>>> print(open('protein_9.pdb').read())   # PDB, C-alpha atoms and all ligand atoms
ATOM      1  CA  MET M 680     -10.081 -29.351   4.614
ATOM      2  CA  ALA M 681     -11.063 -26.568   7.018
ATOM      3  CA  LYS M 682     -14.216 -27.349   8.900
ATOM      4  CA  GLN M 683     -17.164 -25.174   7.947
ATOM      5  CA  THR M 684     -18.484 -23.334  10.975
ATOM      6  CA  LYS M 685     -21.320 -21.573   9.244
ATOM      7  CA  GLY M 686     -24.155 -22.706   7.088
ATOM      8  CA  LYS M 687     -24.788 -21.385   3.612
ATOM      9  CA  GLN M 688     -24.886 -17.592   3.604
ATOM     10  CA  GLY M 689     -28.160 -16.261   2.301
ATOM     11  CA  GLY M 690     -28.337 -13.359  -0.107
ATOM     12  CA  GLY M 691     -25.243 -14.092  -2.190
ATOM     13  CA  LYS M 692     -22.451 -11.551  -2.485
ATOM     14  CA  VAL M 693     -22.059  -8.768   0.053
ATOM     15  CA  SER M 694     -21.724  -5.418  -1.650
ATOM     16  CA  ALA M 695     -18.540  -3.510  -0.742
ATOM     17  CA  LYS M 696     -20.716  -0.468  -0.013
ATOM     18  CA  THR M 697     -22.852  -2.186   2.578
ATOM     19  CA  GLN M 698     -20.072  -4.246   4.139
ATOM     20  CA  THR M 699     -19.154  -3.374   7.718
ATOM     21  CA  THR M 700     -16.652  -4.889  10.112
ATOM     22  CA  THR M 701     -18.237  -6.318  13.204
ATOM     23  CA  VAL M 702     -16.259  -6.606  16.427
ATOM     24  CA  ARG M 703     -17.003 -10.190  17.381
ATOM     25  CA  LYS M 704     -14.119 -11.051  19.666
ATOM     26  CA  GLN M 705     -13.057  -9.311  22.816
ATOM     27  CA  THR M 706     -10.530 -12.032  23.599
ATOM     28  CA  PRO M 707      -6.888 -11.869  22.464
ATOM     29  CA  MET M 708      -5.842 -13.556  19.238
ATOM     30  CA  HIS M 709      -4.598 -17.102  19.587
ATOM     31  CA  SER M 710      -0.859 -17.496  19.055
ATOM     32  CA  MET M 711      -0.994 -18.608  15.401
ATOM     33  CA  MET M 712      -3.252 -15.679  14.495
ATOM     34  CA  GLU M 713      -1.060 -13.269  16.422
ATOM     35  CA  LYS M 714       2.008 -14.489  14.537
ATOM     36  CA  LEU M 715       0.175 -14.002  11.246
ATOM     37  CA  PHE M 716      -0.860 -10.480  12.224
ATOM     38  CA  MET M 717       2.616  -9.527  13.462
ATOM     39  CA  ASP M 718       4.326 -10.950  10.365
ATOM     40  CA  GLN M 719       2.057  -8.847   8.138
ATOM     41  CA  LEU M 720       2.708  -5.783  10.266
ATOM     42  CA  LYS M 721       6.466  -6.337   9.968
ATOM     43  CA  SER M 722       6.092  -6.691   6.183
ATOM     44  CA  LEU M 723       4.308  -3.334   6.043
ATOM     45  CA  TYR M 724       7.103  -1.839   8.143
ATOM     46  CA  TYR M 725       9.631  -3.229   5.656
ATOM     47  CA  MET M 726       7.692  -1.743   2.725
ATOM     48  CA  GLU M 727       7.347   1.712   4.275
ATOM     49  CA  LYS M 728      10.997   1.833   5.318
ATOM     50  CA  ASN M 729      12.157   0.852   1.852
ATOM     51  CA  GLN M 730       9.756   3.200   0.115
ATOM     52  CA  ILE M 731      11.284   6.269   1.689
ATOM     53  CA  ARG M 732      14.411   5.569  -0.336
ATOM     54  CA  THR M 733      12.605   4.106  -3.370
ATOM     55  CA  LEU M 734      10.148   7.008  -3.801
ATOM     56  CA  GLY M 735      13.015   9.515  -3.672
ATOM     57  CA  ARG M 736      14.889   7.524  -6.285
ATOM     58  CA  LEU M 737      11.838   7.210  -8.558
ATOM     59  CA  ALA M 738      10.970  10.917  -8.181
ATOM     60  CA  LYS M 739      14.387  11.829  -9.612
ATOM     61  CA  LYS M 740      13.518   9.849 -12.746
ATOM     62  CA  ALA M 741      10.178  11.601 -13.372
ATOM     63  CA  THR M 742       9.870  13.791 -16.446
ATOM     64  CA  THR M 743       7.059  16.107 -15.314
ATOM     65  CA  ASP M 744       7.275  18.273 -12.197
ATOM     66  CA  GLU M 745       3.687  17.276 -11.439
ATOM     67  CA  LEU M 746       4.576  13.613 -11.000
ATOM     68  CA  LYS M 747       7.865  14.419  -9.270
ATOM     69  CA  ASP M 748       6.041  16.582  -6.693
ATOM     70  CA  VAL M 749       3.404  13.916  -5.995
ATOM     71  CA  LEU M 750       6.103  11.282  -5.459
ATOM     72  CA  LEU M 751       8.123  13.542  -3.150
ATOM     73  CA  GLU M 752       5.028  14.538  -1.202
ATOM     74  CA  HIS M 753       4.209  10.873  -0.753
ATOM     75  CA  GLN M 754       7.762  10.237   0.417
ATOM     76  CA  GLU M 755       7.055  12.611   3.332
ATOM     77  CA  ILE M 756       3.708  10.927   3.997
ATOM     78  CA  THR M 757       5.514   7.577   4.032
ATOM     79  CA  GLN M 758       7.703   8.849   6.861
ATOM     80  CA  GLU M 759       4.536   9.590   8.840
ATOM     81  CA  GLN M 760       3.136   6.153   7.993
ATOM     82  CA  LEU M 761       6.282   4.584   9.376
ATOM     83  CA  GLY M 762       5.702   6.537  12.590
ATOM     84  CA  ARG M 763       2.135   5.203  12.768
ATOM     85  CA  LEU M 764       3.396   1.641  12.449
ATOM     86  CA  ASP M 765       5.775   2.394  15.346
ATOM     87  CA  GLN M 766       2.684   3.384  17.337
ATOM     88  CA  VAL M 767       0.907   0.156  16.417
ATOM     89  CA  PHE M 768       3.892  -1.943  17.536
ATOM     90  CA  GLU M 769       3.965   0.032  20.788
ATOM     91  CA  ILE M 770       0.231  -0.406  21.422
ATOM     92  CA  LEU M 771       0.673  -4.154  20.934
ATOM     93  CA  GLY M 772       3.662  -4.162  23.300
ATOM     94  CA  LYS M 773       6.064  -5.350  20.591
ATOM     95  CA  ARG M 774       9.372  -4.099  19.272
ATOM     96  CA  ALA M 775       9.145  -2.564  15.796
ATOM     97  CA  GLN M 776      10.767  -4.959  13.344
ATOM     98  CA  VAL M 777      10.949  -5.473   9.614
ATOM     99  CA  ARG M 778      10.168  -8.700   7.792
ATOM    100  CA  LYS M 779      11.505  -9.051   4.285
ATOM    101  CA  CYS M 780       8.700  -8.930   1.752
ATOM    102  CA  PRO M 781       9.663 -10.632  -1.540
ATOM    103  CA  ALA M 782       6.494  -9.437  -3.301
ATOM    104  CA  PHE M 783       7.374  -5.798  -2.584
ATOM    105  CA  ASP M 784      10.990  -6.366  -3.654
ATOM    106  CA  GLY M 785       9.619  -7.850  -6.892
ATOM    107  CA  LEU M 786       7.486  -4.765  -7.539
ATOM    108  CA  VAL M 787      10.527  -2.494  -7.042
ATOM    109  CA  GLU M 788      12.537  -4.723  -9.365
ATOM    110  CA  GLU M 789       9.761  -4.469 -11.954
ATOM    111  CA  ALA M 790       9.765  -0.666 -11.585
ATOM    112  CA  ASP M 791      13.499  -0.625 -12.353
ATOM    113  CA  GLU M 792      12.929  -2.844 -15.384
ATOM    114  CA  LEU M 793      10.203  -0.515 -16.693
ATOM    115  CA  LEU M 794      12.477   2.484 -16.172
ATOM    116  CA  GLY M 795      15.206   0.683 -18.082
ATOM    117  CA  ASP M 796      12.779   0.147 -20.968
ATOM    118  CA  THR M 797      11.804   3.826 -21.221
ATOM    119  CA  GLU M 798      13.858   6.867 -22.116
ATOM    120  CA  GLU M 799      14.672   9.789 -19.872
ATOM    121  CA  ASP M 800      12.686  13.014 -20.328
ATOM    122  CA  THR M 801       9.765  11.289 -22.047
ATOM    123  CA  LEU M 802       6.157  11.120 -20.924
ATOM    124  CA  THR M 803       6.307   7.385 -21.576
ATOM    125  CA  ARG M 804       8.817   7.329 -18.694
ATOM    126  CA  ASP M 805       6.158   8.953 -16.474
ATOM    127  CA  VAL M 806       3.578   6.382 -17.558
ATOM    128  CA  ALA M 807       6.047   3.665 -16.497
ATOM    129  CA  LEU M 808       6.497   5.360 -13.128
ATOM    130  CA  ILE M 809       2.759   5.704 -12.581
ATOM    131  CA  VAL M 810       2.184   2.031 -13.437
ATOM    132  CA  SER M 811       4.986   0.975 -11.080
ATOM    133  CA  VAL M 812       3.957   3.124  -8.128
ATOM    134  CA  GLN M 813       0.271   2.254  -8.498
ATOM    135  CA  LYS M 814       1.151  -1.440  -8.322
ATOM    136  CA  ILE M 815       3.036  -0.783  -5.093
ATOM    137  CA  LYS M 816       0.125   1.275  -3.726
ATOM    138  CA  HIS M 817      -2.370  -1.477  -4.508
ATOM    139  CA  TYR M 818      -0.208  -3.998  -2.689
ATOM    140  CA  GLU M 819      -0.005  -1.692   0.320
ATOM    141  CA  ILE M 820      -3.761  -1.077   0.233
ATOM    142  CA  ALA M 821      -4.276  -4.856   0.465
ATOM    143  CA  GLY M 822      -1.851  -5.089   3.396
ATOM    144  CA  TYR M 823      -3.286  -2.157   5.350
ATOM    145  CA  GLY M 824      -6.848  -3.191   4.515
ATOM    146  CA  CYS M 825      -6.433  -6.740   5.824
ATOM    147  CA  LEU M 826      -4.711  -5.629   9.021
ATOM    148  CA  THR M 827      -7.252  -2.862   9.699
ATOM    149  CA  THR M 828     -10.077  -5.364   9.357
ATOM    150  CA  LEU M 829      -8.343  -7.906  11.581
ATOM    151  CA  ALA M 830      -7.543  -5.275  14.217
ATOM    152  CA  ARG M 831     -11.218  -4.263  14.316
ATOM    153  CA  THR M 832     -12.421  -7.847  14.487
ATOM    154  CA  TYR M 833     -10.202  -8.427  17.521
ATOM    155  CA  ALA M 834     -11.178  -5.154  19.210
ATOM    156  CA  MET M 835      -7.769  -3.518  18.788
ATOM    157  CA  GLN M 836      -9.500  -0.256  17.970
ATOM    158  CA  GLU M 837      -6.554   2.095  18.533
ATOM    159  CA  ALA M 838      -4.305   0.014  16.275
ATOM    160  CA  ALA M 839      -7.111  -0.156  13.694
ATOM    161  CA  ASP M 840      -7.439   3.646  13.715
ATOM    162  CA  TRP M 841      -3.708   4.172  13.018
ATOM    163  CA  LEU M 842      -3.797   1.594  10.228
ATOM    164  CA  GLN M 843      -6.963   3.069   8.736
ATOM    165  CA  GLU M 844      -5.325   6.489   8.496
ATOM    166  CA  SER M 845      -2.477   5.110   6.388
ATOM    167  CA  LEU M 846      -4.907   2.995   4.352
ATOM    168  CA  ASP M 847      -6.840   6.158   3.436
ATOM    169  CA  GLU M 848      -3.607   7.916   2.429
ATOM    170  CA  GLU M 849      -2.614   5.030   0.167
ATOM    171  CA  LYS M 850      -6.008   5.162  -1.523
ATOM    172  CA  ASP M 851      -5.638   8.935  -1.976
ATOM    173  CA  MET M 852      -2.231   8.449  -3.568
ATOM    174  CA  ASP M 853      -3.658   5.834  -5.922
ATOM    175  CA  GLN M 854      -6.396   8.267  -6.977
ATOM    176  CA  GLN M 855      -3.916  11.122  -7.439
ATOM    177  CA  LEU M 856      -1.844   8.947  -9.760
ATOM    178  CA  THR M 857      -4.922   7.956 -11.756
ATOM    179  CA  TYR M 858      -5.829  11.634 -12.061
ATOM    180  CA  ILE M 859      -2.360  12.568 -13.350
ATOM    181  CA  ALA M 860      -2.430   9.664 -15.811
ATOM    182  CA  GLU M 861      -5.834  10.716 -17.142
ATOM    183  CA  ASN M 862      -4.937  14.456 -17.320
ATOM    184  CA  ASN M 863      -3.099  13.932 -19.697
ATOM    185  CA  ILE M 864       0.137  11.991 -19.378
ATOM    186  CA  ASN M 865      -1.250   8.715 -20.765
ATOM    187  CA  TYR M 866      -2.649  10.413 -23.861
ATOM    188  CA  GLU M 867       0.281  12.720 -24.541
ATOM    189  CA  ALA M 868       2.765   9.891 -24.085
ATOM    190  CA  GLY M 869       1.069   8.230 -27.053
ATOM    191  CA  LEU M 870       1.973  11.214 -29.231
ATOM    192  CA  GLU M 871       5.686  10.874 -28.577
ATOM    193  CA  GLU M 872       7.779  10.007 -31.596
ATOM    194  CA  GLU M 873      10.284   7.199 -31.335
ATOM    195  CA  GLU M 874      13.746   8.228 -32.442
TER     196      GLU M 874
HETATM  197 FE    FE F   1       2.902   3.665   2.458
END
>>> encode(input="protein_9.pdb", output="C-alpha cells", more="lines below")
Ligand SMILES: [Fe+2]
Amino acid sequence: MAKQTKGKQGGGKVSAKTQTTTVRKQTPMHSMMEKLFMDQLKSLYYMEKNQIRTLGRLAKKATTDELKDVLLEHQEITQEQLGRLDQVFEILGKRAQVRKCPAFDGLVEEADELLGDTEEDTLTRDVALIVSVQKIKHYEIAGYGCLTTLARTYAMQEAADWLQESLDEEKDMDQQLTYIAENNINYEAGLEEEE
C-alpha cells in the first residue's frame, strides 16, 4: 500500500470551482513520472493524429449540415492541436511519437457500431454521431486535463499553456455538440418513423 504522506484533509471535498493548481516542485520529474507523462502525451498524439481521418469520415455520415460543419471545423482544429503537441514535445526536448491507445480505438469502434445500427439520412444517425464524438471528446478532456495539471505542478508552464489551449477547445466542442443535440436533433429524432 502506498505510504500516506499527508494527514487527514480538513474540510472534506474540494469544490471544482475553488480548486487551483499549485506549483510545488521546481525540480524535474523523476524517471518513472516522466515516463508516465510522456506515455500519456504520446497517447494524445495518437488520438489527435487518428482523429483527423476519423472526424472527416464521420462528417461524411452526418445527416444535417449543422453537424457536418461542426465536425469538419473540429477536424481543422484537430490539425492545430496536433501542432501544439509537436510544440510540447519540442519544449521537453523529445521526438514527437505516437503510442497506441486501445481505449480511443475502442471508442472509434463503438462509433462505427452505432453508425451501423442507424440508417443514413436520419436524425437518429446524427444522435449516434453526437454520442460517439462526445465520448471521444470526454476522453480527450481527461487526457489533456491530467497532463495540464501535471505540467503545472512540475513548473512546465509553457507546456501547460499549450495543453490548456487544446483542453479549452475540446470543452468548447463538447458544449457545441450538446447545444446541437438540445436544439433540436435529439427531440426531432424521436419523431422519426421506423420503416
Ligand atoms: Fe483533439
>>> resolve_selection(input="protein_9.pdb", expression="the PyMOL selection byres (((chain M and resi 789-798) around 12) and not hetatm)", output="number ranges by chain")
M: 733-734, 736-742, 782-788, 799-815, 868, 871-874
>>> write_last_selection(input="protein_9.pdb", atoms="C-alpha atoms", output="PDB file, in the coordinates of the input")
ATOM      1  CA  THR M 733      12.605   4.106  -3.370  1.00  0.00           C
ATOM      2  CA  LEU M 734      10.148   7.008  -3.801  1.00  0.00           C
ATOM      3  CA  ARG M 736      14.889   7.524  -6.285  1.00  0.00           C
ATOM      4  CA  LEU M 737      11.838   7.210  -8.558  1.00  0.00           C
ATOM      5  CA  ALA M 738      10.970  10.917  -8.181  1.00  0.00           C
ATOM      6  CA  LYS M 739      14.387  11.829  -9.612  1.00  0.00           C
ATOM      7  CA  LYS M 740      13.518   9.849 -12.746  1.00  0.00           C
ATOM      8  CA  ALA M 741      10.178  11.601 -13.372  1.00  0.00           C
ATOM      9  CA  THR M 742       9.870  13.791 -16.446  1.00  0.00           C
ATOM     10  CA  ALA M 782       6.494  -9.437  -3.301  1.00  0.00           C
ATOM     11  CA  PHE M 783       7.374  -5.798  -2.584  1.00  0.00           C
ATOM     12  CA  ASP M 784      10.990  -6.366  -3.654  1.00  0.00           C
ATOM     13  CA  GLY M 785       9.619  -7.850  -6.892  1.00  0.00           C
ATOM     14  CA  LEU M 786       7.486  -4.765  -7.539  1.00  0.00           C
ATOM     15  CA  VAL M 787      10.527  -2.494  -7.042  1.00  0.00           C
ATOM     16  CA  GLU M 788      12.537  -4.723  -9.365  1.00  0.00           C
ATOM     17  CA  GLU M 799      14.672   9.789 -19.872  1.00  0.00           C
ATOM     18  CA  ASP M 800      12.686  13.014 -20.328  1.00  0.00           C
ATOM     19  CA  THR M 801       9.765  11.289 -22.047  1.00  0.00           C
ATOM     20  CA  LEU M 802       6.157  11.120 -20.924  1.00  0.00           C
ATOM     21  CA  THR M 803       6.307   7.385 -21.576  1.00  0.00           C
ATOM     22  CA  ARG M 804       8.817   7.329 -18.694  1.00  0.00           C
ATOM     23  CA  ASP M 805       6.158   8.953 -16.474  1.00  0.00           C
ATOM     24  CA  VAL M 806       3.578   6.382 -17.558  1.00  0.00           C
ATOM     25  CA  ALA M 807       6.047   3.665 -16.497  1.00  0.00           C
ATOM     26  CA  LEU M 808       6.497   5.360 -13.128  1.00  0.00           C
ATOM     27  CA  ILE M 809       2.759   5.704 -12.581  1.00  0.00           C
ATOM     28  CA  VAL M 810       2.184   2.031 -13.437  1.00  0.00           C
ATOM     29  CA  SER M 811       4.986   0.975 -11.080  1.00  0.00           C
ATOM     30  CA  VAL M 812       3.957   3.124  -8.128  1.00  0.00           C
ATOM     31  CA  GLN M 813       0.271   2.254  -8.498  1.00  0.00           C
ATOM     32  CA  LYS M 814       1.151  -1.440  -8.322  1.00  0.00           C
ATOM     33  CA  ILE M 815       3.036  -0.783  -5.093  1.00  0.00           C
ATOM     34  CA  ALA M 868       2.765   9.891 -24.085  1.00  0.00           C
ATOM     35  CA  GLU M 871       5.686  10.874 -28.577  1.00  0.00           C
ATOM     36  CA  GLU M 872       7.779  10.007 -31.596  1.00  0.00           C
ATOM     37  CA  GLU M 873      10.284   7.199 -31.335  1.00  0.00           C
ATOM     38  CA  GLU M 874      13.746   8.228 -32.442  1.00  0.00           C
TER      39      GLU M 874
END
>>> residues_near_ligand(input="protein_9.pdb", ligand="ligand FE 1 (chain F)", cutoff="7 Å", atoms="all atoms listed in the file", output="list of chain:residue names")
M:Glu727, M:Thr757, M:Gln760, M:Glu819, M:Ser845, M:Glu849
>>> resolve_selection(input="protein_9.pdb", expression="the PyMOL selection byres (((chain M and resi 712-718) around 12) and not hetatm)", output="number ranges by chain")
M: 706-711, 719-725, 764, 767-768, 771-780, 822-823, 825-830, 833, 835, 838
>>> atom_distance(input="protein_9.pdb", atom1="atom CA of M:Leu856", atom2="atom CA of M:Arg831")
29.0 Å
>>> closest_residue(input="protein_9.pdb", among="M:Ile731, M:Ile770, M:Leu870, M:Ala860", to="M:His753", atoms="all atoms listed in the file")
M:Ile731
